[in-house]
file final_38.tsv (TSV, C-alpha atoms (C1' of nucleotides))
chain	number	residue	atom	x	y	z
A	11	MET	CA	100.31	102.58	79.61
A	12	PRO	CA	102.71	101.00	81.04
A	13	GLU	CA	100.68	98.88	83.47
A	14	GLY	CA	101.91	98.14	86.98
A	15	HIS	CA	104.71	95.83	85.87
A	16	SER	CA	106.42	98.66	83.95
A	17	ILE	CA	106.30	100.94	86.97
A	18	HIS	CA	107.85	98.30	89.19
A	19	ARG	CA	110.61	97.89	86.63
A	20	LEU	CA	111.12	101.64	86.68
A	21	ALA	CA	111.37	101.65	90.47
A	22	ARG	CA	113.96	98.92	90.22
A	23	GLN	CA	115.89	100.78	87.55
A	24	PHE	CA	115.91	104.04	89.54
A	25	THR	CA	117.04	102.21	92.64
A	26	SER	CA	119.87	100.44	90.87
A	27	VAL	CA	121.26	103.42	89.01
A	28	PHE	CA	120.37	106.48	91.12
A	29	ALA	CA	119.78	105.47	94.75
A	30	GLY	CA	122.08	107.24	97.17
A	31	GLN	CA	123.28	109.66	94.52
A	32	GLN	CA	122.86	113.38	94.29
A	33	LEU	CA	120.76	114.34	91.28
A	34	SER	CA	120.39	117.38	89.13
A	35	VAL	CA	116.70	117.88	88.39
A	36	SER	CA	115.50	120.11	85.59
A	37	SER	CA	112.60	120.60	83.22
A	38	PRO	CA	113.92	121.23	79.71
A	39	GLN	CA	110.34	121.64	78.49
A	40	GLY	CA	109.69	124.17	81.25
A	41	ARG	CA	106.34	122.92	82.49
A	42	PHE	CA	107.83	121.40	85.62
A	43	ALA	CA	110.41	124.08	86.30
A	44	ALA	CA	109.07	125.07	89.73
A	45	GLY	CA	108.82	121.47	90.93
A	46	ALA	CA	112.26	120.60	89.60
A	47	ALA	CA	113.78	123.48	91.56
A	48	ARG	CA	112.50	121.97	94.83
A	49	LEU	CA	114.36	118.71	94.14
A	50	ASP	CA	117.46	119.90	92.34
A	51	GLY	CA	120.70	118.86	94.04
A	52	GLN	CA	119.08	116.42	96.48
A	53	ALA	CA	120.07	112.79	96.82
A	54	LEU	CA	117.63	110.05	95.87
A	55	ILE	CA	116.71	108.02	98.95
A	56	ALA	CA	114.41	105.43	97.38
A	57	ALA	CA	112.21	104.62	94.41
A	58	GLU	CA	108.96	102.77	94.99
A	59	ALA	CA	106.00	101.72	92.90
A	60	HIS	CA	102.42	101.40	94.04
A	61	GLY	CA	100.30	100.19	91.17
A	62	LYS	CA	100.86	102.59	88.29
A	63	GLN	CA	102.34	105.32	90.48
A	64	LEU	CA	106.05	105.84	90.88
A	65	PHE	CA	107.40	107.66	93.93
A	66	LEU	CA	110.92	108.99	94.08
A	67	GLU	CA	111.90	109.95	97.61
A	68	PHE	CA	114.51	112.65	98.04
A	69	ASP	CA	116.81	113.62	100.86
A	70	ASN	CA	114.82	116.73	101.78
A	71	GLU	CA	111.74	114.62	102.61
A	72	LEU	CA	109.96	115.44	99.39
A	73	PHE	CA	108.49	112.90	96.96
A	74	LEU	CA	108.27	113.11	93.21
A	75	ARG	CA	105.04	111.40	92.15
A	76	ILE	CA	104.95	110.26	88.55
A	77	HIS	CA	102.12	108.66	86.64
A	78	LEU	CA	102.89	107.78	83.03
A	79	GLY	CA	99.28	107.72	81.86
A	80	LEU	CA	98.65	106.29	78.41
A	81	TYR	CA	101.85	107.26	76.70
A	82	GLY	CA	104.37	108.54	79.19
A	83	ALA	CA	107.85	107.03	79.07
A	84	PHE	CA	111.33	107.32	80.51
A	85	ASP	CA	114.51	107.16	78.48
A	86	PHE	CA	117.80	106.36	80.16
A	87	GLY	CA	121.38	106.78	79.17
A	88	GLY	CA	124.82	106.88	80.67
A	89	ASP	CA	127.89	104.79	81.35
A	90	GLU	CA	128.06	100.98	81.56
A	91	THR	CA	125.74	100.87	84.57
A	92	PHE	CA	123.00	102.34	82.49
A	93	ARG	CA	123.33	100.25	79.36
A	94	ARG	CA	120.94	97.51	80.43
A	95	SER	CA	117.72	99.34	79.71
A	96	SER	CA	117.26	102.49	77.72
A	97	SER	CA	113.50	102.95	77.64
A	98	ILE	CA	110.69	101.95	79.97
A	99	GLY	CA	107.10	103.03	79.59
A	100	ALA	CA	104.80	103.41	76.65
A	101	PRO	CA	105.48	101.14	73.67
A	102	ARG	CA	107.99	102.49	71.21
A	103	ARG	CA	108.38	101.01	67.75
A	104	VAL	CA	108.86	97.32	68.58
A	105	GLY	CA	105.50	96.11	69.81
A	106	GLU	CA	105.33	96.57	73.53
A	107	ARG	CA	108.96	95.79	73.99
A	108	GLU	CA	111.35	98.04	75.73
A	109	ILE	CA	114.07	99.24	73.43
A	110	ALA	CA	117.33	97.47	74.05
A	111	ASP	CA	120.55	99.37	73.95
A	112	ASP	CA	122.77	98.60	70.99
A	113	GLY	CA	125.97	98.88	72.96
A	114	GLY	CA	129.24	99.65	71.28
A	115	GLU	CA	128.87	103.37	71.81
A	116	PRO	CA	131.63	105.80	72.65
A	117	ALA	CA	132.46	106.55	76.29
A	118	TYR	CA	129.81	108.42	78.24
A	119	ALA	CA	130.24	112.16	77.92
A	120	GLY	CA	127.18	113.52	79.73
A	121	PRO	CA	123.54	113.71	78.70
A	122	PRO	CA	122.63	114.64	75.10
A	123	PRO	CA	120.67	117.80	74.34
A	124	PRO	CA	117.00	117.15	75.21
A	125	LYS	CA	114.91	115.94	72.29
A	126	GLY	CA	111.22	116.77	72.14
A	127	ALA	CA	109.08	117.62	75.16
A	128	VAL	CA	111.15	116.48	78.12
A	129	ARG	CA	109.15	117.27	81.26
A	130	VAL	CA	111.87	116.20	83.65
A	131	ARG	CA	115.51	115.34	83.31
A	132	LEU	CA	117.33	113.68	86.21
A	133	THR	CA	121.09	113.56	85.98
A	134	SER	CA	123.75	111.92	88.13
A	135	ASP	CA	127.48	111.66	87.60
A	136	HIS	CA	126.93	108.44	85.67
A	137	GLY	CA	123.79	108.91	83.65
A	138	TRP	CA	120.48	110.56	83.02
A	139	ALA	CA	116.74	109.88	82.78
A	140	ASP	CA	114.29	111.85	80.61
A	141	LEU	CA	110.54	111.79	81.21
A	142	ARG	CA	108.07	112.63	78.45
A	143	GLY	CA	104.29	112.73	78.35
A	144	PRO	CA	103.31	111.84	81.93
A	145	THR	CA	99.78	112.33	83.19
A	146	ALA	CA	101.14	113.31	86.59
A	147	CYS	CA	104.46	114.73	87.68
A	148	GLU	CA	104.37	116.59	90.96
A	149	VAL	CA	106.26	117.19	94.17
A	150	LEU	CA	104.54	115.96	97.33
A	151	THR	CA	105.18	116.30	101.03
A	152	PRO	CA	105.12	113.05	103.05
A	153	GLU	CA	101.61	113.91	104.21
A	154	GLU	CA	100.41	114.50	100.67
A	155	GLN	CA	102.02	111.28	99.53
A	156	ARG	CA	100.28	109.36	102.30
A	157	ARG	CA	96.93	110.69	101.17
A	158	VAL	CA	97.55	109.48	97.62
A	159	LEU	CA	98.57	106.03	98.84
A	160	GLU	CA	95.61	105.50	101.12
A	161	LYS	CA	93.19	105.95	98.25
A	162	LEU	CA	94.73	103.17	96.21
A	163	GLY	CA	93.72	99.53	96.41
A	164	PRO	CA	96.27	96.82	97.18
A	165	ASP	CA	99.03	96.20	94.64
A	166	PRO	CA	99.51	92.48	93.89
A	167	LEU	CA	103.16	93.12	93.05
A	168	GLN	CA	103.89	94.15	96.63
A	169	PRO	CA	104.68	91.22	98.95
A	170	ARG	CA	102.92	93.01	101.81
A	171	ALA	CA	99.68	93.44	99.85
A	172	ASP	CA	96.57	91.91	101.41
A	173	PRO	CA	94.30	89.99	99.02
A	174	ARG	CA	91.47	90.20	101.53
A	175	GLU	CA	91.48	93.95	101.03
A	176	PHE	CA	90.88	93.35	97.32
A	177	VAL	CA	88.01	90.98	98.13
A	178	ARG	CA	86.56	93.55	100.51
A	179	ARG	CA	86.70	96.33	97.94
A	180	LEU	CA	84.94	94.13	95.39
A	181	SER	CA	82.23	92.77	97.60
A	182	ALA	CA	78.56	93.68	97.23
A	183	ARG	CA	79.17	96.06	94.35
A	184	ARG	CA	76.71	96.13	91.48
A	185	THR	CA	79.45	96.94	89.02
A	186	PRO	CA	80.80	94.65	86.30
A	187	ILE	CA	84.04	92.93	87.29
A	188	GLY	CA	85.53	94.12	83.99
A	189	LEU	CA	85.20	97.70	85.21
A	190	LEU	CA	86.36	97.14	88.77
A	191	LEU	CA	89.60	95.42	87.76
A	192	MET	CA	90.56	98.71	86.09
A	193	ASN	CA	89.56	100.76	89.13
A	194	GLN	CA	92.76	101.69	90.96
A	195	GLU	CA	90.88	102.16	94.23
A	196	VAL	CA	89.94	98.48	94.09
A	197	LEU	CA	93.18	97.01	92.79
A	198	ALA	CA	96.29	98.98	91.92
A	199	GLY	CA	98.30	98.20	88.81
A	200	VAL	CA	95.98	96.41	86.40
A	201	GLY	CA	95.29	98.12	83.06
A	202	ASN	CA	93.51	97.27	79.84
A	203	VAL	CA	95.75	94.39	78.80
A	204	TYR	CA	95.90	92.52	82.10
A	205	ARG	CA	92.18	93.18	82.67
A	206	ALA	CA	91.23	91.37	79.48
A	207	GLU	CA	93.84	88.64	79.76
A	208	VAL	CA	93.23	87.69	83.36
A	209	LEU	CA	89.46	87.53	82.99
A	210	PHE	CA	90.03	85.19	80.08
A	211	ARG	CA	92.51	83.04	81.99
A	212	ARG	CA	90.02	82.67	84.85
A	213	LEU	CA	87.15	82.13	82.35
A	214	ILE	CA	85.09	84.93	83.87
A	215	SER	CA	82.72	87.14	81.89
A	216	PRO	CA	83.63	90.82	82.12
A	217	TRP	CA	79.96	91.63	82.76
A	218	ARG	CA	79.59	89.53	85.90
A	219	LEU	CA	78.64	91.89	88.71
A	220	ALA	CA	81.21	92.02	91.43
A	221	ARG	CA	78.70	90.91	94.06
A	222	SER	CA	78.25	87.63	92.18
A	223	ILE	CA	81.98	86.88	92.26
A	224	THR	CA	82.69	84.32	94.96
A	225	GLN	CA	85.56	84.72	97.37
A	226	GLU	CA	87.29	81.78	95.71
A	227	GLU	CA	86.96	83.40	92.30
A	228	ALA	CA	88.23	86.71	93.64
A	229	LEU	CA	91.25	85.10	95.26
A	230	GLY	CA	91.83	83.12	92.07
A	231	LEU	CA	91.88	86.39	90.14
A	232	TRP	CA	94.24	87.96	92.65
A	233	ASN	CA	96.71	85.08	92.52
A	234	ASP	CA	96.64	84.95	88.76
A	235	ILE	CA	97.21	88.69	88.51
A	236	ALA	CA	100.10	88.52	90.96
A	237	GLY	CA	101.72	85.71	89.01
A	238	VAL	CA	101.28	87.05	85.54
A	239	MET	CA	102.36	90.56	86.52
A	240	ALA	CA	105.45	89.24	88.29
A	241	ASP	CA	106.30	87.56	84.99
A	242	GLY	CA	105.77	90.94	83.33
A	243	VAL	CA	108.26	92.56	85.70
A	244	ALA	CA	110.83	89.90	84.90
A	245	ALA	CA	110.30	89.91	81.15
A	246	GLY	CA	109.69	93.62	80.60
A	247	ARG	CA	106.60	92.79	78.55
A	248	ILE	CA	103.17	91.30	78.98
A	249	ILE	CA	102.97	87.61	78.19
A	250	THR	CA	99.89	85.78	79.42
A	251	THR	CA	99.62	82.72	77.20
A	252	LEU	CA	100.57	79.26	78.40
A	253	PRO	CA	102.99	77.30	76.18
A	254	GLU	CA	100.27	74.79	75.26
A	255	HIS	CA	98.21	77.60	73.76
A	256	ARG	CA	100.95	78.80	71.45
A	257	VAL	CA	101.30	77.58	67.88
A	258	ASP	CA	104.82	78.91	67.54
A	259	ALA	CA	106.99	77.56	70.33
A	260	SER	CA	109.92	79.87	69.65
A	261	ILE	CA	111.67	81.79	72.39
A	262	PRO	CA	111.30	84.67	72.96
A	263	VAL	CA	107.52	84.53	72.61
A	264	PRO	CA	106.52	86.43	69.45
A	265	VAL	CA	104.14	89.38	69.91
A	266	SER	CA	101.51	87.45	67.96
A	267	GLU	CA	101.51	84.69	70.59
A	268	ALA	CA	101.68	86.74	73.76
A	269	HIS	CA	97.97	87.35	74.42
A	270	TYR	CA	94.74	85.38	74.55
A	271	VAL	CA	92.25	88.11	73.66
A	272	TYR	CA	93.81	91.58	73.81
A	273	LYS	CA	93.77	93.07	70.31
A	274	ARG	CA	92.71	89.70	68.87
A	275	GLN	CA	89.14	90.56	67.86
A	276	GLY	CA	87.97	88.46	64.92
A	277	LEU	CA	90.73	85.91	65.43
A	278	PRO	CA	89.99	82.40	66.73
A	279	CYS	CA	90.15	81.89	70.50
A	280	ARG	CA	93.29	79.91	71.35
A	281	ARG	CA	91.24	77.69	73.63
A	282	CYS	CA	87.99	77.01	71.72
A	283	GLY	CA	88.29	78.57	68.26
A	284	THR	CA	85.36	80.98	68.66
A	285	GLU	CA	86.00	84.46	67.28
A	286	VAL	CA	87.32	86.83	69.91
A	287	ALA	CA	84.93	89.76	70.43
A	288	MET	CA	85.55	93.44	71.13
A	289	THR	CA	83.39	96.29	72.37
A	290	GLU	CA	83.79	99.52	74.26
A	291	MET	CA	83.29	99.53	78.00
A	292	ALA	CA	83.60	102.91	79.70
A	293	ALA	CA	85.50	104.31	76.74
A	294	ARG	CA	88.10	101.53	76.78
A	295	LYS	CA	88.29	98.61	74.40
A	296	LEU	CA	87.28	95.36	75.99
A	297	TYR	CA	88.26	92.02	74.45
A	298	TRP	CA	86.85	88.63	75.42
A	299	CYS	CA	85.87	85.19	74.18
A	300	PRO	CA	82.07	84.97	74.13
A	301	SER	CA	82.23	81.22	74.43
A	302	CYS	CA	84.87	80.67	77.13
A	303	GLN	CA	83.71	83.60	79.23
A	304	GLN	CA	79.95	83.14	79.46
A	305	THR	CA	79.71	83.43	83.21
B	3	DG	C1'	101.37	116.70	56.26
B	4	DG	C1'	97.73	115.23	59.05
B	5	DA	C1'	94.93	111.97	61.52
B	6	DA	C1'	94.51	108.12	64.52
B	7	DA	C1'	95.84	105.28	68.13
B	8	DA	C1'	98.03	103.95	72.54
B	9	DT	C1'	98.92	99.36	78.31
B	10	DG	C1'	95.10	106.24	81.75
B	11	DA	C1'	92.57	109.15	84.68
B	12	DT	C1'	90.12	113.38	86.00
B	13	DT	C1'	86.66	116.77	85.40
B	14	DA	C1'	82.49	118.58	83.50
B	15	DT	C1'	77.73	117.96	81.71
C	8	DT	C1'	78.63	109.79	78.84
C	9	DA	C1'	81.68	113.45	76.93
C	10	DA	C1'	85.45	116.42	76.90
C	11	DT	C1'	90.03	117.15	78.19
C	12	DC	C1'	95.01	116.53	79.08
C	13	DC	C1'	99.73	114.85	77.78
C	14	DT	C1'	103.39	112.98	73.56
C	15	DT	C1'	105.15	109.96	70.11
C	16	DT	C1'	104.71	106.69	66.51
C	17	DT	C1'	102.37	104.73	62.68
C	18	DC	C1'	99.66	104.83	58.87
C	19	DC	C1'	97.50	107.02	55.04
C	20	DG	C1'	97.11	110.29	51.25

call {"tool": "encode", "arguments": {"input": "final_38.tsv", "output": "structure tokens"}}
result
Amino acid sequence: MPEGHSIHRLARQFTSVFAGQQLSVSSPQGRFAAGAARLDGQALIAAEAHGKQLFLEFDNELFLRIHLGLYGAFDFGGDETFRRSSSIGAPRRVGEREIADDGGEPAYAGPPPPKGAVRVRLTSDHGWADLRGPTACEVLTPEEQRRVLEKLGPDPLQPRADPREFVRRLSARRTPIGLLLMNQEVLAGVGNVYRAEVLFRRLISPWRLARSITQEEALGLWNDIAGVMADGVAAGRIITTLPEHRVDASIPVPVSEAHYVYKRQGLPCRRCGTEVAMTEMAARKLYWCPSCQQT
DNA sequence: GGAAAATGATTAT
DNA sequence: TAATCCTTTTCCG
């Protein structure tokens, strides 16, 4: 997926192109037809992200909750306003990069016929958004939305988030830190890439039990996550390496230089040269440097 | 043409 | 721990 940074970009995109506008909502694929009917014709009040969840709030006090899962993605199109970003979500073709619009197209003449399994199509006077492959796509009442939110841990991308809440949810647990960073009830927004990268950056072993993580280490993790994910929001991709750890100094950062350990098993650690290791942890691939991350 | 993989999460055993 | 869901792209034969 699309980790938290992608969802915050989506919230921003929806706000900038759809907020305040009346939307047609449909489900070309048919699986969300009933839900779409409850939102069709309403104006979009706001778009907000909490971790990996996107909430679209409509004028009739209903929320559309979307979770992209592993491979969900939105495609956008429309007039000039829409040309900045045409795809946000799961990686498509060019590494993890969002696909840039080529520009130079004829004047906007309405949305194209849906291609593939489009769960939801949102259309305004100026453009459209197609959603494919989400894990979750459902209409919620304010009460139902509140219940979803209160389960989630704090989201480091939200200015109001409280790092002490993260520390509290970690404390005393006999669970490896590598597992808890992926647990959305502990911390909302981190996925497999940021999990591996941030543990490396803080030189912490993924197997350290949470109860052995000091408050300083936990706050160090929090701050690093907040910083690196904010960079992800700005760049539209995950880049965690520091310039001094890149061989190729070109800008933009090539895919091959963007990560310390994620998908680098067998390659030399950028910091110490030891081979990066990989194993499965709870059915997800875990990458780490056995030398830099001993404790 | 078919299998595998992908930045995820829930439910069942 | 295993099975299941959801969709597209990439890689292999």

call {"tool": "residues_around", "arguments": {"input": "final_38.tsv", "residues": "Asp135 in chain A", "least_positions_apart": "4", "cutoff": "10 Å", "atoms": "only C-alpha atoms (C1' of nucleotides)", "output": "PyMOL selection string"}}
result
chain A and resi 28+31-34+88-89+120-121

call {"tool": "residues_around", "arguments": {"input": "final_38.tsv", "residues": "Val238 in chain A", "least_positions_apart": "3", "cutoff": "9 Å", "atoms": "all atoms listed in the file", "output": "CSV table (one decimal) with C-alpha atoms, in the frame of the given file"}}
result
chain,number,residue,atom,x,y,z
A,204,TYR,CA,95.9,92.5,82.1
A,208,VAL,CA,93.2,87.7,83.4
A,233,ASN,CA,96.7,85.1,92.5
A,234,ASP,CA,96.6,85.0,88.8
A,235,ILE,CA,97.2,88.7,88.5
A,241,ASP,CA,106.3,87.6,85.0
A,242,GLY,CA,105.8,90.9,83.3
A,243,VAL,CA,108.3,92.6,85.7
A,248,ILE,CA,103.2,91.3,79.0
A,249,ILE,CA,103.0,87.6,78.2
A,250,THR,CA,99.9,85.8,79.4

call {"tool": "closest_residue", "arguments": {"input": "final_38.tsv", "among": "A:Phe65, A:Gly143, A:Glu285, A:Ala57", "to": "DC12 in chain C", "atoms": "all atoms listed in the file"}}
result
A:Gly143

call {"tool": "residues_around", "arguments": {"input": "final_38.tsv", "residues": "DA7 in chain B", "least_positions_apart": "5", "cutoff": "12 Å", "atoms": "all atoms listed in the file", "output": "list of chain:residue names"}}
result
A:Leu80, A:Tyr81, A:Pro101, A:Lys295, C:DT15, C:DT16, C:DT17, C:DC18

call {"tool": "atom_distance", "arguments": {"input": "final_38.tsv", "atom1": "CA of Ala47 in chain A", "atom2": "CA of Leu132 in chain A"}}
result
11.7 Å

call {"tool": "interface_residues", "arguments": {"input": "final_38.tsv", "of": "chain A", "to": "chain B", "cutoff": "10 Å", "atoms": "all atoms listed in the file", "output": "list in words"}}
result
Met11, Pro12, Glu13, Gly14, Ser16, Lys62, His77, Leu78, Gly79, Leu80, Tyr81, Gly82, Gly99, Ala100, Pro101, Glu106, Pro144, Thr145, Ala146, Met192, Asn193, Gln194, Val200, Gly201, Asn202, Val203, Tyr204, Ile248 and Arg294 of chain A

call {"tool": "atom_distance", "arguments": {"input": "final_38.tsv", "atom1": "CA of Ala236 in chain A", "atom2": "CA of Asp165 in chain A"}}
result
8.6 Å

call {"tool": "axis_aligned_box", "arguments": {"input": "final_38.tsv", "around": "range 5-13 of chain B", "padding_each_side": "4 Å", "output": "JSON"}}
result
{"center_x": 92.8, "center_y": 108.1, "center_z": 73.8, "size_x": 20.3, "size_y": 25.4, "size_z": 32.5}

call {"tool": "atom_distance", "arguments": {"input": "final_38.tsv", "atom1": "CA of Leu180 in chain A", "atom2": "CA of Ala220 in chain A"}}
result
5.8 Å

call {"tool": "residues_near_point", "arguments": {"input": "final_38.tsv", "point": "(83.0, 96.0, 72.6)", "cutoff": "12 Å", "atoms": "all atoms listed in the file", "output": "number ranges by chain"}}
result
A: 188, 206, 216-217, 272-273, 275-276, 286-300

call {"tool": "closest_residue", "arguments": {"input": "final_38.tsv", "among": "A:Gly51, A:Asp69, A:Ser26, A:Ala83", "to": "chain C", "atoms": "only C-alpha atoms (C1' of nucleotides)"}}
result
A:Ala83
